[in-house]
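So this block is upload31.cif, mmCIF, C-alpha atoms (C1' of nucleotides):
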data_work
loop_
_atom_site.label_atom_id
_atom_site.label_comp_id
_atom_site.auth_asym_id
_atom_site.auth_seq_id
_atom_site.Cartn_x
_atom_site.Cartn_y
_atom_site.Cartn_z
CA MET A 1 -13.74 27.12 12.86
CA ALA A 2 -13.41 23.50 13.81
CA ALA A 3 -13.91 22.73 10.12
CA MET A 4 -10.59 24.35 9.27
CA ALA A 5 -8.77 22.28 11.86
CA GLU A 6 -10.47 19.13 10.65
CA LYS A 7 -9.50 19.86 7.08
CA ALA A 8 -5.86 20.19 8.08
CA GLN A 9 -6.15 16.94 10.03
CA TYR A 10 -7.62 15.19 7.03
CA GLU A 11 -4.77 16.37 4.84
CA GLU A 12 -2.31 15.07 7.36
CA LEU A 13 -4.08 11.74 7.59
CA ALA A 14 -4.09 11.42 3.81
CA ARG A 15 -0.35 12.07 3.81
CA GLN A 16 0.23 9.42 6.47
CA LEU A 17 -1.81 6.91 4.52
CA SER A 18 0.11 7.55 1.35
CA ALA A 19 3.40 7.26 3.24
CA ILE A 20 2.60 4.05 5.09
CA GLY A 21 3.93 2.18 2.09
CA VAL A 22 7.44 2.46 3.48
CA VAL A 23 6.37 0.26 6.38
CA LYS A 24 4.64 -2.25 4.16
CA ARG A 25 7.66 -2.50 1.90
CA ASP A 26 9.93 -3.11 4.87
CA MET A 27 7.61 -5.89 5.99
CA GLY A 28 7.55 -7.26 2.46
CA ARG A 29 11.33 -7.54 2.34
CA THR A 30 11.28 -9.96 5.24
CA LEU A 31 9.07 -12.42 3.34
CA PRO A 32 10.48 -15.54 1.69
CA SER A 33 11.12 -14.91 -1.99
CA ASP A 34 8.49 -17.42 -3.12
CA CYS A 35 5.88 -16.10 -0.71
CA PRO A 36 5.01 -12.50 -1.58
CA ALA A 37 2.54 -10.43 0.38
CA GLY A 38 -0.47 -11.71 -1.52
CA SER A 39 0.37 -15.29 -0.70
CA ALA A 40 1.08 -14.42 2.91
CA GLY A 41 -2.36 -12.85 3.16
CA VAL A 42 -4.02 -16.01 1.90
CA LEU A 43 -2.15 -18.20 4.36
CA THR A 44 -2.76 -15.84 7.27
CA LEU A 45 -6.50 -15.64 6.74
CA LEU A 46 -6.90 -19.37 6.23
CA GLY A 47 -4.91 -19.95 9.39
CA ARG A 48 -7.01 -17.52 11.33
CA HIS A 49 -10.49 -18.30 10.03
CA GLY A 50 -10.18 -21.91 8.88
CA ASP A 51 -11.34 -23.46 5.62
CA MET A 52 -13.42 -21.24 3.41
CA ARG A 53 -14.59 -20.61 -0.14
CA MET A 54 -12.89 -18.31 -2.64
CA SER A 55 -15.59 -15.68 -2.34
CA ARG A 56 -15.27 -15.56 1.43
CA LEU A 57 -11.51 -15.20 1.17
CA ALA A 58 -11.91 -12.39 -1.35
CA GLU A 59 -14.12 -10.61 1.14
CA LEU A 60 -11.58 -11.00 3.92
CA LEU A 61 -8.75 -9.86 1.68
CA ALA A 62 -10.93 -6.97 0.50
CA VAL A 63 -9.81 -7.41 -3.10
CA ASP A 64 -11.56 -8.58 -6.24
CA ILE A 65 -12.12 -12.30 -6.57
CA SER A 66 -9.98 -12.35 -9.72
CA VAL A 67 -7.05 -11.12 -7.65
CA THR A 68 -7.83 -13.68 -4.99
CA SER A 69 -7.87 -16.38 -7.63
CA ARG A 70 -4.35 -15.54 -8.70
CA HIS A 71 -2.97 -15.44 -5.16
CA VAL A 72 -4.68 -18.71 -4.37
CA ALA A 73 -3.27 -20.34 -7.50
CA HIS A 74 0.23 -19.27 -6.49
CA VAL A 75 -0.20 -20.70 -3.02
CA ALA A 76 -1.77 -23.92 -4.30
CA GLU A 77 1.09 -24.45 -6.78
CA ARG A 78 3.46 -24.56 -3.85
CA GLY A 79 1.36 -27.12 -2.03
CA TRP A 80 0.48 -24.82 0.84
CA ILE A 81 -3.26 -25.18 0.36
CA GLU A 82 -5.69 -27.62 -1.22
CA ARG A 83 -8.72 -26.67 -3.27
CA LEU A 84 -11.35 -29.20 -2.38
CA PRO A 85 -14.68 -29.56 -4.16
CA ASP A 86 -17.61 -28.05 -2.35
CA PRO A 87 -20.27 -30.77 -1.99
CA ALA A 88 -22.97 -28.12 -1.68
CA ASP A 89 -22.06 -26.23 -4.87
CA LYS A 90 -20.03 -27.68 -7.69
CA ARG A 91 -19.02 -24.21 -8.90
CA SER A 92 -17.28 -23.53 -5.65
CA ARG A 93 -14.06 -24.69 -4.06
CA ILE A 94 -13.15 -25.05 -0.41
CA LEU A 95 -9.68 -23.80 0.45
CA SER A 96 -7.80 -25.65 3.15
CA LEU A 97 -4.30 -25.27 4.56
CA THR A 98 -2.03 -28.27 4.15
CA PRO A 99 0.59 -29.26 6.73
CA ALA A 100 3.16 -27.61 4.48
CA GLY A 101 0.99 -24.50 4.51
CA ARG A 102 0.92 -24.48 8.28
CA ALA A 103 4.69 -24.78 8.33
CA GLN A 104 5.00 -21.88 5.94
CA LEU A 105 2.62 -19.88 8.09
CA ASP A 106 4.74 -20.57 11.15
CA GLU A 107 7.74 -19.32 9.24
CA LEU A 108 5.86 -16.13 8.38
CA TYR A 109 4.84 -15.63 11.99
CA GLU A 110 8.43 -16.05 13.03
CA ARG A 111 9.71 -13.44 10.61
CA THR A 112 6.94 -10.97 11.39
CA THR A 113 7.53 -11.25 15.09
CA GLN A 114 11.26 -10.80 14.70
CA LEU A 115 10.88 -7.73 12.55
CA LEU A 116 8.29 -6.03 14.72
CA THR A 117 10.08 -6.92 17.93
CA ASP A 118 13.03 -5.04 16.52
CA ARG A 119 11.23 -2.10 14.97
CA LEU A 120 8.77 -1.54 17.81
CA SER A 121 11.20 -2.14 20.65
CA ASP A 122 10.31 1.19 22.26
CA TRP A 123 6.53 0.83 21.90
CA THR A 124 4.34 -0.14 24.82
CA GLY A 125 1.77 -2.88 24.43
CA GLU A 126 -0.88 -0.25 25.00
CA GLU A 127 0.36 1.83 22.09
CA VAL A 128 0.37 -1.16 19.77
CA ARG A 129 -3.09 -2.13 20.92
CA LEU A 130 -4.37 1.38 20.29
CA LEU A 131 -2.88 1.53 16.81
CA ILE A 132 -4.47 -1.80 15.93
CA GLN A 133 -7.81 -0.58 17.23
CA LEU A 134 -7.67 2.65 15.27
CA MET A 135 -6.59 0.93 12.05
CA THR A 136 -9.39 -1.58 12.43
CA ARG A 137 -11.87 1.19 12.88
CA LEU A 138 -10.43 3.07 9.92
CA ARG A 139 -11.00 0.07 7.67
CA GLU A 140 -14.51 -0.31 8.98
CA SER A 141 -15.19 3.34 8.26
CA PHE A 142 -14.12 2.75 4.68
CA GLY A 143 -16.64 0.01 4.20
CA ASP A 144 -14.45 -2.99 4.94
CA CYS A 145 -16.62 -4.44 7.65
CA ARG A 146 -15.78 -8.04 6.95
CA ALA A 147 -12.46 -8.56 8.69
CA SER A 148 -13.57 -8.41 12.31
CA PRO A 149 -15.87 -11.37 12.80
CA ARG A 150 -15.42 -11.51 16.55
CA ALA A 151 -15.53 -7.76 17.17
CA PRO A 152 -18.83 -6.69 15.62
CA GLN A 153 -17.97 -3.01 15.97
CA ALA A 154 -14.75 -1.43 17.11
CA ALA A 155 -16.48 0.98 19.43
CA SER A 156 -15.55 4.58 19.94
CA VAL A 157 -11.85 4.79 20.54
CA ALA A 158 -12.19 8.00 22.51
CA ALA A 159 -14.29 6.18 25.07
CA ASP A 160 -11.77 3.40 25.21
CA ILE A 161 -8.91 5.80 25.75
CA THR A 162 -10.53 7.35 28.80
CA ARG A 163 -11.48 3.92 30.06
CA THR A 164 -7.86 2.75 29.84
CA PRO A 165 -5.64 5.64 30.87
CA ALA A 166 -2.47 3.55 30.67
CA MET B 1 4.01 -14.52 29.29
CA ALA B 2 3.89 -10.96 28.00
CA ALA B 3 5.90 -12.19 25.04
CA MET B 4 3.02 -14.40 23.93
CA ALA B 5 0.59 -11.50 24.07
CA GLU B 6 2.99 -9.28 22.18
CA LYS B 7 3.44 -11.89 19.48
CA ALA B 8 -0.30 -12.07 18.96
CA GLN B 9 -0.43 -8.28 18.83
CA TYR B 10 2.32 -8.20 16.26
CA GLU B 11 0.45 -10.67 14.08
CA GLU B 12 -2.64 -8.55 14.31
CA LEU B 13 -0.72 -5.40 13.45
CA ALA B 14 0.82 -7.11 10.45
CA ARG B 15 -2.65 -8.09 9.29
CA GLN B 16 -3.94 -4.55 9.69
CA LEU B 17 -1.01 -3.21 7.71
CA SER B 18 -1.56 -5.62 4.89
CA ALA B 19 -5.28 -4.80 4.85
CA ILE B 20 -4.90 -1.03 4.89
CA GLY B 21 -4.70 -1.17 1.12
CA VAL B 22 -8.47 -1.10 0.92
CA VAL B 23 -8.40 2.39 2.38
CA LYS B 24 -5.64 3.57 0.10
CA ARG B 25 -7.46 2.25 -2.95
CA ASP B 26 -10.63 4.04 -1.94
CA MET B 27 -8.63 7.24 -1.61
CA GLY B 28 -7.02 6.57 -4.96
CA ARG B 29 -10.36 6.29 -6.69
CA THR B 30 -11.19 9.87 -5.77
CA LEU B 31 -8.13 11.21 -7.59
CA PRO B 32 -8.38 12.79 -11.05
CA SER B 33 -7.57 10.25 -13.73
CA ASP B 34 -4.43 12.08 -14.86
CA CYS B 35 -3.17 12.53 -11.32
CA PRO B 36 -2.45 9.15 -9.74
CA ALA B 37 -1.23 8.72 -6.19
CA GLY B 38 2.42 9.14 -7.10
CA SER B 39 1.75 12.50 -8.70
CA ALA B 40 -0.43 13.58 -5.81
CA GLY B 41 2.40 12.78 -3.43
CA VAL B 42 4.80 14.98 -5.37
CA LEU B 43 2.38 17.92 -5.41
CA THR B 44 1.49 17.53 -1.75
CA LEU B 45 5.07 17.52 -0.55
CA LEU B 46 6.10 20.43 -2.73
CA GLY B 47 3.11 22.36 -1.45
CA ARG B 48 3.95 21.57 2.12
CA HIS B 49 7.72 21.95 2.12
CA GLY B 50 8.31 24.35 -0.78
CA ASP B 51 10.87 24.08 -3.57
CA MET B 52 13.38 21.28 -3.24
CA ARG B 53 15.75 19.01 -5.11
CA MET B 54 14.95 15.57 -6.47
CA SER B 55 16.97 13.84 -3.77
CA ARG B 56 15.16 15.67 -1.01
CA LEU B 57 11.80 14.80 -2.52
CA ALA B 58 12.82 11.15 -2.78
CA GLU B 59 13.63 11.24 0.93
CA LEU B 60 10.26 12.72 1.79
CA LEU B 61 8.43 10.24 -0.41
CA ALA B 62 10.53 7.44 1.09
CA VAL B 63 11.01 5.79 -2.29
CA ASP B 64 13.97 5.31 -4.57
CA ILE B 65 15.08 8.33 -6.55
CA SER B 66 14.41 6.47 -9.79
CA VAL B 67 10.77 6.19 -8.78
CA THR B 68 10.73 9.84 -7.81
CA SER B 69 12.15 10.72 -11.20
CA ARG B 70 9.26 9.04 -12.96
CA HIS B 71 6.59 10.64 -10.81
CA VAL B 72 8.21 14.04 -11.26
CA ALA B 73 8.37 13.59 -15.02
CA HIS B 74 4.66 12.80 -15.09
CA VAL B 75 3.84 15.89 -13.06
CA ALA B 76 6.15 18.12 -15.09
CA GLU B 77 4.61 16.93 -18.36
CA ARG B 78 1.29 18.29 -17.15
CA GLY B 79 2.78 21.66 -16.30
CA TRP B 80 2.19 21.33 -12.58
CA ILE B 81 5.82 21.82 -11.65
CA GLU B 82 8.95 23.33 -13.16
CA ARG B 83 12.40 21.80 -13.00
CA LEU B 84 14.74 24.74 -12.60
CA PRO B 85 18.52 24.48 -12.80
CA ASP B 86 20.29 24.48 -9.47
CA PRO B 87 22.88 27.28 -9.55
CA ALA B 88 24.88 25.53 -6.84
CA ASP B 89 25.11 22.14 -8.61
CA LYS B 90 24.55 21.67 -12.30
CA ARG B 91 23.71 17.99 -11.83
CA SER B 92 20.74 18.91 -9.71
CA ARG B 93 17.33 20.32 -10.42
CA ILE B 94 15.10 22.46 -8.23
CA LEU B 95 11.46 21.45 -8.32
CA SER B 96 8.91 24.20 -7.99
CA LEU B 97 5.10 24.22 -8.11
CA THR B 98 3.56 26.28 -10.92
CA PRO B 99 0.27 28.16 -10.51
CA ALA B 100 -1.37 25.28 -12.37
CA GLY B 101 0.21 22.93 -9.86
CA ARG B 102 -1.22 24.90 -6.96
CA ALA B 103 -4.62 24.75 -8.59
CA GLN B 104 -4.31 21.00 -8.98
CA LEU B 105 -3.23 20.73 -5.38
CA ASP B 106 -6.29 22.67 -4.26
CA GLU B 107 -8.42 20.26 -6.24
CA LEU B 108 -6.76 17.34 -4.48
CA TYR B 109 -7.32 18.94 -1.08
CA GLU B 110 -10.96 19.43 -1.95
CA ARG B 111 -11.47 15.79 -2.92
CA THR B 112 -9.57 14.45 0.06
CA THR B 113 -11.54 16.55 2.47
CA GLN B 114 -14.84 15.54 0.93
CA LEU B 115 -14.00 11.86 1.07
CA LEU B 116 -12.70 11.86 4.62
CA THR B 117 -15.51 14.08 5.86
CA ASP B 118 -17.87 11.40 4.60
CA ARG B 119 -15.95 8.33 5.69
CA LEU B 120 -14.91 9.63 9.11
CA SER B 121 -18.17 11.32 9.97
CA ASP B 122 -18.41 9.45 13.26
CA TRP B 123 -14.80 10.02 14.32
CA THR B 124 -13.85 12.62 16.87
CA GLY B 125 -11.02 15.04 16.19
CA GLU B 126 -9.17 13.42 19.04
CA GLU B 127 -9.37 10.00 17.46
CA VAL B 128 -8.11 11.31 14.13
CA ARG B 129 -5.29 13.15 15.89
CA LEU B 130 -4.30 10.01 17.75
CA LEU B 131 -4.29 7.87 14.60
CA ILE B 132 -2.09 10.43 12.84
CA GLN B 133 0.26 10.47 15.78
CA LEU B 134 0.54 6.70 15.93
CA MET B 135 1.04 6.34 12.19
CA THR B 136 3.73 9.01 12.25
CA ARG B 137 5.49 7.19 15.04
CA LEU B 138 5.14 3.90 13.21
CA ARG B 139 6.90 5.30 10.18
CA GLU B 140 9.64 6.74 12.36
CA SER B 141 10.10 3.37 14.00
CA PHE B 142 10.63 1.88 10.57
CA GLY B 143 13.45 4.25 9.81
CA ASP B 144 11.52 6.88 7.92
CA CYS B 145 12.60 9.77 10.07
CA ARG B 146 12.54 12.35 7.30
CA ALA B 147 8.89 13.31 7.07
CA SER B 148 8.43 15.19 10.31
CA PRO B 149 10.67 18.24 10.03
CA ARG B 150 8.76 20.31 12.56
CA ALA B 151 8.13 17.52 15.06
CA PRO B 152 11.64 16.20 15.76
CA GLN B 153 10.29 13.16 17.57
CA ALA B 154 6.74 11.99 18.01
CA ALA B 155 7.13 11.37 21.70
CA SER B 156 5.66 8.48 23.62
CA VAL B 157 2.04 8.15 22.70
CA ALA B 158 1.19 6.51 25.99
CA ALA B 159 2.29 9.61 27.83
CA ASP B 160 0.24 11.74 25.47
CA ILE B 161 -2.84 9.63 26.02
CA THR B 162 -2.72 10.07 29.78
CA ARG B 163 -1.96 13.75 29.35
CA THR B 164 -5.04 14.19 27.18
CA PRO B 165 -7.79 12.00 28.61
CA ALA B 166 -10.40 13.37 26.18
"C1'" DT C 1 36.16 8.72 -8.12
"C1'" DA C 2 31.79 9.86 -6.21
"C1'" DT C 3 27.22 11.77 -6.71
"C1'" DT C 4 22.74 13.49 -9.07
"C1'" DG C 5 19.45 12.21 -11.81
"C1'" DT C 6 17.43 9.46 -15.98
"C1'" DT C 7 16.10 5.39 -18.34
"C1'" DA C 8 15.44 0.34 -19.17
"C1'" DT C 9 13.81 -3.73 -17.24
"C1'" DA C 10 11.36 -6.70 -14.24
"C1'" DC C 11 8.16 -7.84 -10.55
"C1'" DT C 12 3.98 -7.37 -7.51
"C1'" DC C 13 -0.56 -5.91 -6.81
"C1'" DT C 14 -4.87 -4.46 -8.57
"C1'" DA C 15 -9.30 -3.97 -11.47
"C1'" DT C 16 -12.15 -4.79 -15.66
"C1'" DA C 17 -13.90 -7.74 -18.97
"C1'" DA C 18 -14.60 -12.04 -21.34
"C1'" DC C 19 -15.31 -16.76 -20.50
"C1'" DT C 20 -16.63 -21.58 -18.44
"C1'" DA C 21 -19.25 -24.27 -15.52
"C1'" DT C 22 -22.92 -24.71 -12.48
"C1'" DA C 23 -27.26 -23.07 -9.95
"C1'" DT D 1 -30.63 -15.75 -15.96
"C1'" DA D 2 -27.56 -15.37 -12.29
"C1'" DT D 3 -23.51 -16.73 -9.69
"C1'" DA D 4 -18.56 -18.89 -8.61
"C1'" DG D 5 -14.40 -18.86 -10.24
"C1'" DT D 6 -10.58 -18.47 -14.01
"C1'" DT D 7 -7.86 -16.12 -17.31
"C1'" DA D 8 -6.30 -12.25 -20.30
"C1'" DT D 9 -5.16 -7.69 -20.37
"C1'" DA D 10 -3.86 -3.24 -18.78
"C1'" DG D 11 -2.29 0.19 -15.38
"C1'" DA D 12 0.10 1.84 -11.19
"C1'" DG D 13 3.96 1.48 -7.99
"C1'" DT D 14 8.36 -0.09 -6.82
"C1'" DA D 15 13.47 -1.61 -6.98
"C1'" DT D 16 17.86 -2.70 -9.34
"C1'" DA D 17 21.18 -1.78 -12.65
"C1'" DA D 18 23.31 0.68 -16.38
"C1'" DC D 19 24.16 5.15 -17.92
"C1'" DA D 20 25.17 10.40 -18.59
"C1'" DA D 21 26.61 14.61 -16.70
"C1'" DT D 22 28.80 17.02 -13.17
"C1'" DA D 23 31.38 17.49 -8.65
#

Let me see the file written as C-alpha cells.
Amino acid sequence: MAAMAEKAQYEELARQLSAIGVVKRDMGRTLPSDCPAGSAGVLTLLGRHGDMRMSRLAELLAVDISVTSRHVAHVAERGWIERLPDPADKRSRILSLTPAGRAQLDELYERTTQLLTDRLSDWTGEEVRLLIQLMTRLRESFGDCRASPRAPQAASVAADITRTPA
Amino acid sequence: MAAMAEKAQYEELARQLSAIGVVKRDMGRTLPSDCPAGSAGVLTLLGRHGDMRMSRLAELLAVDISVTSRHVAHVAERGWIERLPDPADKRSRILSLTPAGRAQLDELYERTTQLLTDRLSDWTGEEVRLLIQLMTRLRESFGDCRASPRAPQAASVAADITRTPA
DNA sequence: TATTGTTATACTCTATAACTATA
DNA sequence: TATAGTTATAGAGTATAACAATA
C-alpha cells in the first residue's frame, strides 16, 4: 500500500534530481568566464574551511582527486591560491587562498547573492532554510558525509518541521 | 540585518546546489550502460506525458533542442521510441514510446526504486514529499515553469508546512 | 521570412588508469 | 608496498552556430 505511494514519490524525486540541472546552469552563467563552477567550488571551500590538503579538498568536493587536481591547477594558474609544501609530508601540498583569491571569492559571493535575491524573491527565509536542510540530508544519505563538519548529523527534518511551524 | 542572514543562506544554498552532483552521479551509476541519464530523461518524460514533438520534449527537459535531438537519436537507435511524421506539420516529428521503450522504462523504474529505497531508508514520506515540493518550486523560480502541467503553481511551502504539521 | 529539427564544433565536468615522488 | 598527487585519455552533457526542409 504505502509502498506504491513511496515508489511514485521516488520516481518524482528522481525526475526532480535530473531536472535540477536547469538551476545549476543558470547559476553557472553568472560566473566570470575564467572561473567556471569547478574553480568556484575550490575557492568557496577554501574560504569556508581554511587551508587544507588536496585530499581533504577532494573529499569536500566529493569528486575524485584527479578532478580536484585539475580544478586546483586552473585556480592556481590564475594566482587565486598557492600550493605550499607540507612540512609533515613531502608528497602533499597545502592549498591556501591568496589575497587575489579572496577578492575573486568576494566577487563570486556578490554574483550569487544577486542572482538568488532575484530568483528567490518570493521565498521566505524559512523555506530556503528548509531546502538547505533537506538537500544536506539528501547528500548525507547518499554517503557524502564530509561536507557538514559543524553539523554532525542533519537530524530528522520531520521533527524540525513540527518544532518550527513557521 | 535580515539581509546578512539571507546572504549567508544564499551562499549555503549555492554550495548545496553545486554539491548535489554527488547524488546525481550515484543515481547515474545505477543506469544500464547503454541508457545514460539523457536517454533516461527522454523515456521518463514520454512515459509520463505521452507522445509529443521534439520541441515540447526540449521544453520538458529544459535543455536546448539540439541537445534533445541527440538524446532522442540515441534512444531511437535502440528502438525505444519511434519518430512518426506529424500530419499537421511536415517539419515536425512525433515521438512515441515503443513496447521495448516501455520495458526499458520499467527497468529504469525498478533500479531507481531500489536505489532510493536503500538510500532513503530513514526518510519519512513527509520529508520526501517536502523535498520534492521545494525542488519543484526552486525550478519554477528559475524560470522552468514547464514541468508541472498538473500543478499550475507549487504554492507557498511555508503555508503548506503549517497546514501539515506532520 | 520564420520555424522545426539536425549536425558540427567546442567547452566543462567526471572517472579510470598509468605514472612520479615520497612514506 | 602503500599513499599523495599529476597527467593522459575517454565519455557524458551542454550550448552556439550553420544548415536543410517546411510553414

Counting all atoms listed in the file, a student should be able to say which residues of chain A come within 9 Å of chain D; what is the right answer, written as a tab-separated table (two decimals) with C-alpha atoms, in the frame of the given file?
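Okay, this is what ended up in selection-v5.tsv:
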chain	number	residue	atom	x	y	z
A	54	MET	CA	-12.89	-18.31	-2.64
A	55	SER	CA	-15.59	-15.68	-2.34
A	65	ILE	CA	-12.12	-12.30	-6.57
A	66	SER	CA	-9.98	-12.35	-9.72
A	69	SER	CA	-7.87	-16.38	-7.63
A	70	ARG	CA	-4.35	-15.54	-8.70
A	89	ASP	CA	-22.06	-26.23	-4.87
A	90	LYS	CA	-20.03	-27.68	-7.69
A	91	ARG	CA	-19.02	-24.21	-8.90
A	92	SER	CA	-17.28	-23.53	-5.65
A	93	ARG	CA	-14.06	-24.69	-4.06

Produce the least-squares-superposed copy of chain A, fitted on chain B over all in-order C-alpha pairs, as a compact mmCIF listing (two decimals) with C-alpha atoms, in the frame of the given file.
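So the final result, stored in result.txt, reads:
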# COMPACT_ATOMS: atom_id res chain seq x y z
CA MET A 1 4.11 -14.49 29.35
CA ALA A 2 3.87 -10.97 28.04
CA ALA A 3 5.88 -12.20 25.06
CA MET A 4 3.00 -14.40 23.95
CA ALA A 5 0.57 -11.51 24.09
CA GLU A 6 2.97 -9.29 22.20
CA LYS A 7 3.42 -11.89 19.51
CA ALA A 8 -0.33 -12.08 18.99
CA GLN A 9 -0.45 -8.28 18.87
CA TYR A 10 2.29 -8.20 16.28
CA GLU A 11 0.42 -10.68 14.11
CA GLU A 12 -2.66 -8.56 14.35
CA LEU A 13 -0.74 -5.42 13.48
CA ALA A 14 0.81 -7.13 10.47
CA ARG A 15 -2.67 -8.12 9.33
CA GLN A 16 -3.94 -4.56 9.71
CA LEU A 17 -1.01 -3.22 7.74
CA SER A 18 -1.57 -5.65 4.92
CA ALA A 19 -5.28 -4.80 4.89
CA ILE A 20 -4.90 -1.03 4.92
CA GLY A 21 -4.70 -1.18 1.15
CA VAL A 22 -8.48 -1.11 0.94
CA VAL A 23 -8.39 2.40 2.40
CA LYS A 24 -5.64 3.55 0.10
CA ARG A 25 -7.46 2.22 -2.93
CA ASP A 26 -10.63 4.03 -1.92
CA MET A 27 -8.63 7.23 -1.61
CA GLY A 28 -7.01 6.54 -4.96
CA ARG A 29 -10.37 6.27 -6.70
CA THR A 30 -11.18 9.84 -5.77
CA LEU A 31 -8.12 11.18 -7.61
CA PRO A 32 -8.38 12.78 -11.04
CA SER A 33 -7.57 10.24 -13.74
CA ASP A 34 -4.43 12.08 -14.86
CA CYS A 35 -3.17 12.53 -11.31
CA PRO A 36 -2.46 9.14 -9.74
CA ALA A 37 -1.24 8.72 -6.19
CA GLY A 38 2.40 9.15 -7.10
CA SER A 39 1.74 12.50 -8.69
CA ALA A 40 -0.44 13.58 -5.80
CA GLY A 41 2.40 12.79 -3.42
CA VAL A 42 4.79 14.99 -5.36
CA LEU A 43 2.37 17.91 -5.40
CA THR A 44 1.49 17.52 -1.73
CA LEU A 45 5.08 17.51 -0.54
CA LEU A 46 6.09 20.44 -2.72
CA GLY A 47 3.10 22.35 -1.43
CA ARG A 48 3.95 21.56 2.14
CA HIS A 49 7.72 21.95 2.13
CA GLY A 50 8.33 24.35 -0.75
CA ASP A 51 10.87 24.09 -3.55
CA MET A 52 13.37 21.30 -3.23
CA ARG A 53 15.77 19.05 -5.10
CA MET A 54 14.94 15.60 -6.46
CA SER A 55 16.96 13.85 -3.78
CA ARG A 56 15.16 15.69 -1.01
CA LEU A 57 11.80 14.81 -2.51
CA ALA A 58 12.83 11.17 -2.77
CA GLU A 59 13.63 11.23 0.91
CA LEU A 60 10.27 12.72 1.79
CA LEU A 61 8.44 10.25 -0.42
CA ALA A 62 10.55 7.45 1.07
CA VAL A 63 11.01 5.80 -2.32
CA ASP A 64 13.99 5.35 -4.60
CA ILE A 65 15.08 8.38 -6.58
CA SER A 66 14.39 6.52 -9.83
CA VAL A 67 10.75 6.22 -8.79
CA THR A 68 10.71 9.86 -7.82
CA SER A 69 12.12 10.76 -11.20
CA ARG A 70 9.25 9.08 -12.97
CA HIS A 71 6.57 10.69 -10.80
CA VAL A 72 8.21 14.06 -11.24
CA ALA A 73 8.36 13.63 -15.01
CA HIS A 74 4.65 12.84 -15.08
CA VAL A 75 3.83 15.92 -13.05
CA ALA A 76 6.15 18.15 -15.07
CA GLU A 77 4.60 16.96 -18.36
CA ARG A 78 1.29 18.31 -17.15
CA GLY A 79 2.79 21.67 -16.28
CA TRP A 80 2.17 21.34 -12.57
CA ILE A 81 5.81 21.83 -11.63
CA GLU A 82 8.94 23.34 -13.13
CA ARG A 83 12.40 21.83 -12.97
CA LEU A 84 14.74 24.74 -12.58
CA PRO A 85 18.52 24.50 -12.78
CA ASP A 86 20.29 24.52 -9.46
CA PRO A 87 22.89 27.32 -9.56
CA ALA A 88 24.91 25.56 -6.86
CA ASP A 89 25.12 22.19 -8.64
CA LYS A 90 24.57 21.69 -12.33
CA ARG A 91 23.71 18.01 -11.82
CA SER A 92 20.76 18.94 -9.71
CA ARG A 93 17.33 20.37 -10.40
CA ILE A 94 15.10 22.48 -8.21
CA LEU A 95 11.45 21.47 -8.28
CA SER A 96 8.89 24.22 -7.97
CA LEU A 97 5.10 24.23 -8.10
CA THR A 98 3.56 26.28 -10.88
CA PRO A 99 0.27 28.16 -10.50
CA ALA A 100 -1.38 25.28 -12.35
CA GLY A 101 0.21 22.93 -9.84
CA ARG A 102 -1.22 24.90 -6.96
CA ALA A 103 -4.64 24.73 -8.58
CA GLN A 104 -4.32 21.00 -8.98
CA LEU A 105 -3.25 20.72 -5.37
CA ASP A 106 -6.31 22.66 -4.27
CA GLU A 107 -8.43 20.25 -6.25
CA LEU A 108 -6.76 17.33 -4.48
CA TYR A 109 -7.33 18.92 -1.09
CA GLU A 110 -10.95 19.40 -1.96
CA ARG A 111 -11.47 15.77 -2.92
CA THR A 112 -9.56 14.43 0.06
CA THR A 113 -11.53 16.53 2.47
CA GLN A 114 -14.82 15.51 0.93
CA LEU A 115 -13.99 11.84 1.07
CA LEU A 116 -12.70 11.85 4.62
CA THR A 117 -15.50 14.07 5.86
CA ASP A 118 -17.85 11.40 4.61
CA ARG A 119 -15.94 8.32 5.70
CA LEU A 120 -14.90 9.63 9.11
CA SER A 121 -18.17 11.33 9.97
CA ASP A 122 -18.40 9.48 13.28
CA TRP A 123 -14.77 10.04 14.32
CA THR A 124 -13.82 12.64 16.89
CA GLY A 125 -11.00 15.05 16.18
CA GLU A 126 -9.13 13.45 19.04
CA GLU A 127 -9.35 10.02 17.45
CA VAL A 128 -8.08 11.32 14.13
CA ARG A 129 -5.28 13.15 15.86
CA LEU A 130 -4.28 10.01 17.74
CA LEU A 131 -4.27 7.89 14.60
CA ILE A 132 -2.08 10.42 12.83
CA GLN A 133 0.30 10.47 15.77
CA LEU A 134 0.56 6.70 15.93
CA MET A 135 1.07 6.33 12.18
CA THR A 136 3.76 8.98 12.26
CA ARG A 137 5.51 7.17 15.04
CA LEU A 138 5.15 3.86 13.22
CA ARG A 139 6.92 5.28 10.18
CA GLU A 140 9.64 6.70 12.37
CA SER A 141 10.11 3.33 14.01
CA PHE A 142 10.63 1.82 10.58
CA GLY A 143 13.44 4.18 9.78
CA ASP A 144 11.51 6.84 7.90
CA CYS A 145 12.58 9.74 10.04
CA ARG A 146 12.53 12.31 7.29
CA ALA A 147 8.88 13.27 7.01
CA SER A 148 8.43 15.17 10.26
CA PRO A 149 10.69 18.19 9.99
CA ARG A 150 8.80 20.22 12.56
CA ALA A 151 8.21 17.40 15.04
CA PRO A 152 11.70 16.07 15.75
CA GLN A 153 10.33 13.05 17.59
CA ALA A 154 6.76 11.94 18.00
CA ALA A 155 7.13 11.33 21.70
CA SER A 156 5.65 8.45 23.60
CA VAL A 157 2.02 8.15 22.69
CA ALA A 158 1.16 6.52 25.99
CA ALA A 159 2.27 9.64 27.80
CA ASP A 160 0.25 11.76 25.45
CA ILE A 161 -2.85 9.68 25.97
CA THR A 162 -2.77 10.17 29.72
CA ARG A 163 -2.00 13.83 29.25
CA THR A 164 -5.06 14.28 27.04
CA PRO A 165 -7.84 12.12 28.44
CA ALA A 166 -10.39 13.40 25.94

Find the residues of chain C that sit at most 9 Å from chain A; for each, write down the nearest two atoms and how far apart they are in Å, to one decimal. Count all atoms listed in the file. Sort by chain, then by number going up, and give it as a Markdown table.
| residue | atom | partner | partner_atom | distance |
| --- | --- | --- | --- | --- |
| C:DT12 | C1' | A:Pro36 | CA | 7.9 |
| C:DC13 | C1' | A:Gly38 | CA | 7.9 |
| C:DT14 | C1' | A:Val67 | CA | 7.1 |
| C:DA15 | C1' | A:Asp64 | CA | 7.3 |
| C:DA21 | C1' | A:Arg91 | CA | 6.6 |
| C:DT22 | C1' | A:Arg91 | CA | 5.3 |
| C:DA23 | C1' | A:Asp89 | CA | 7.9 |
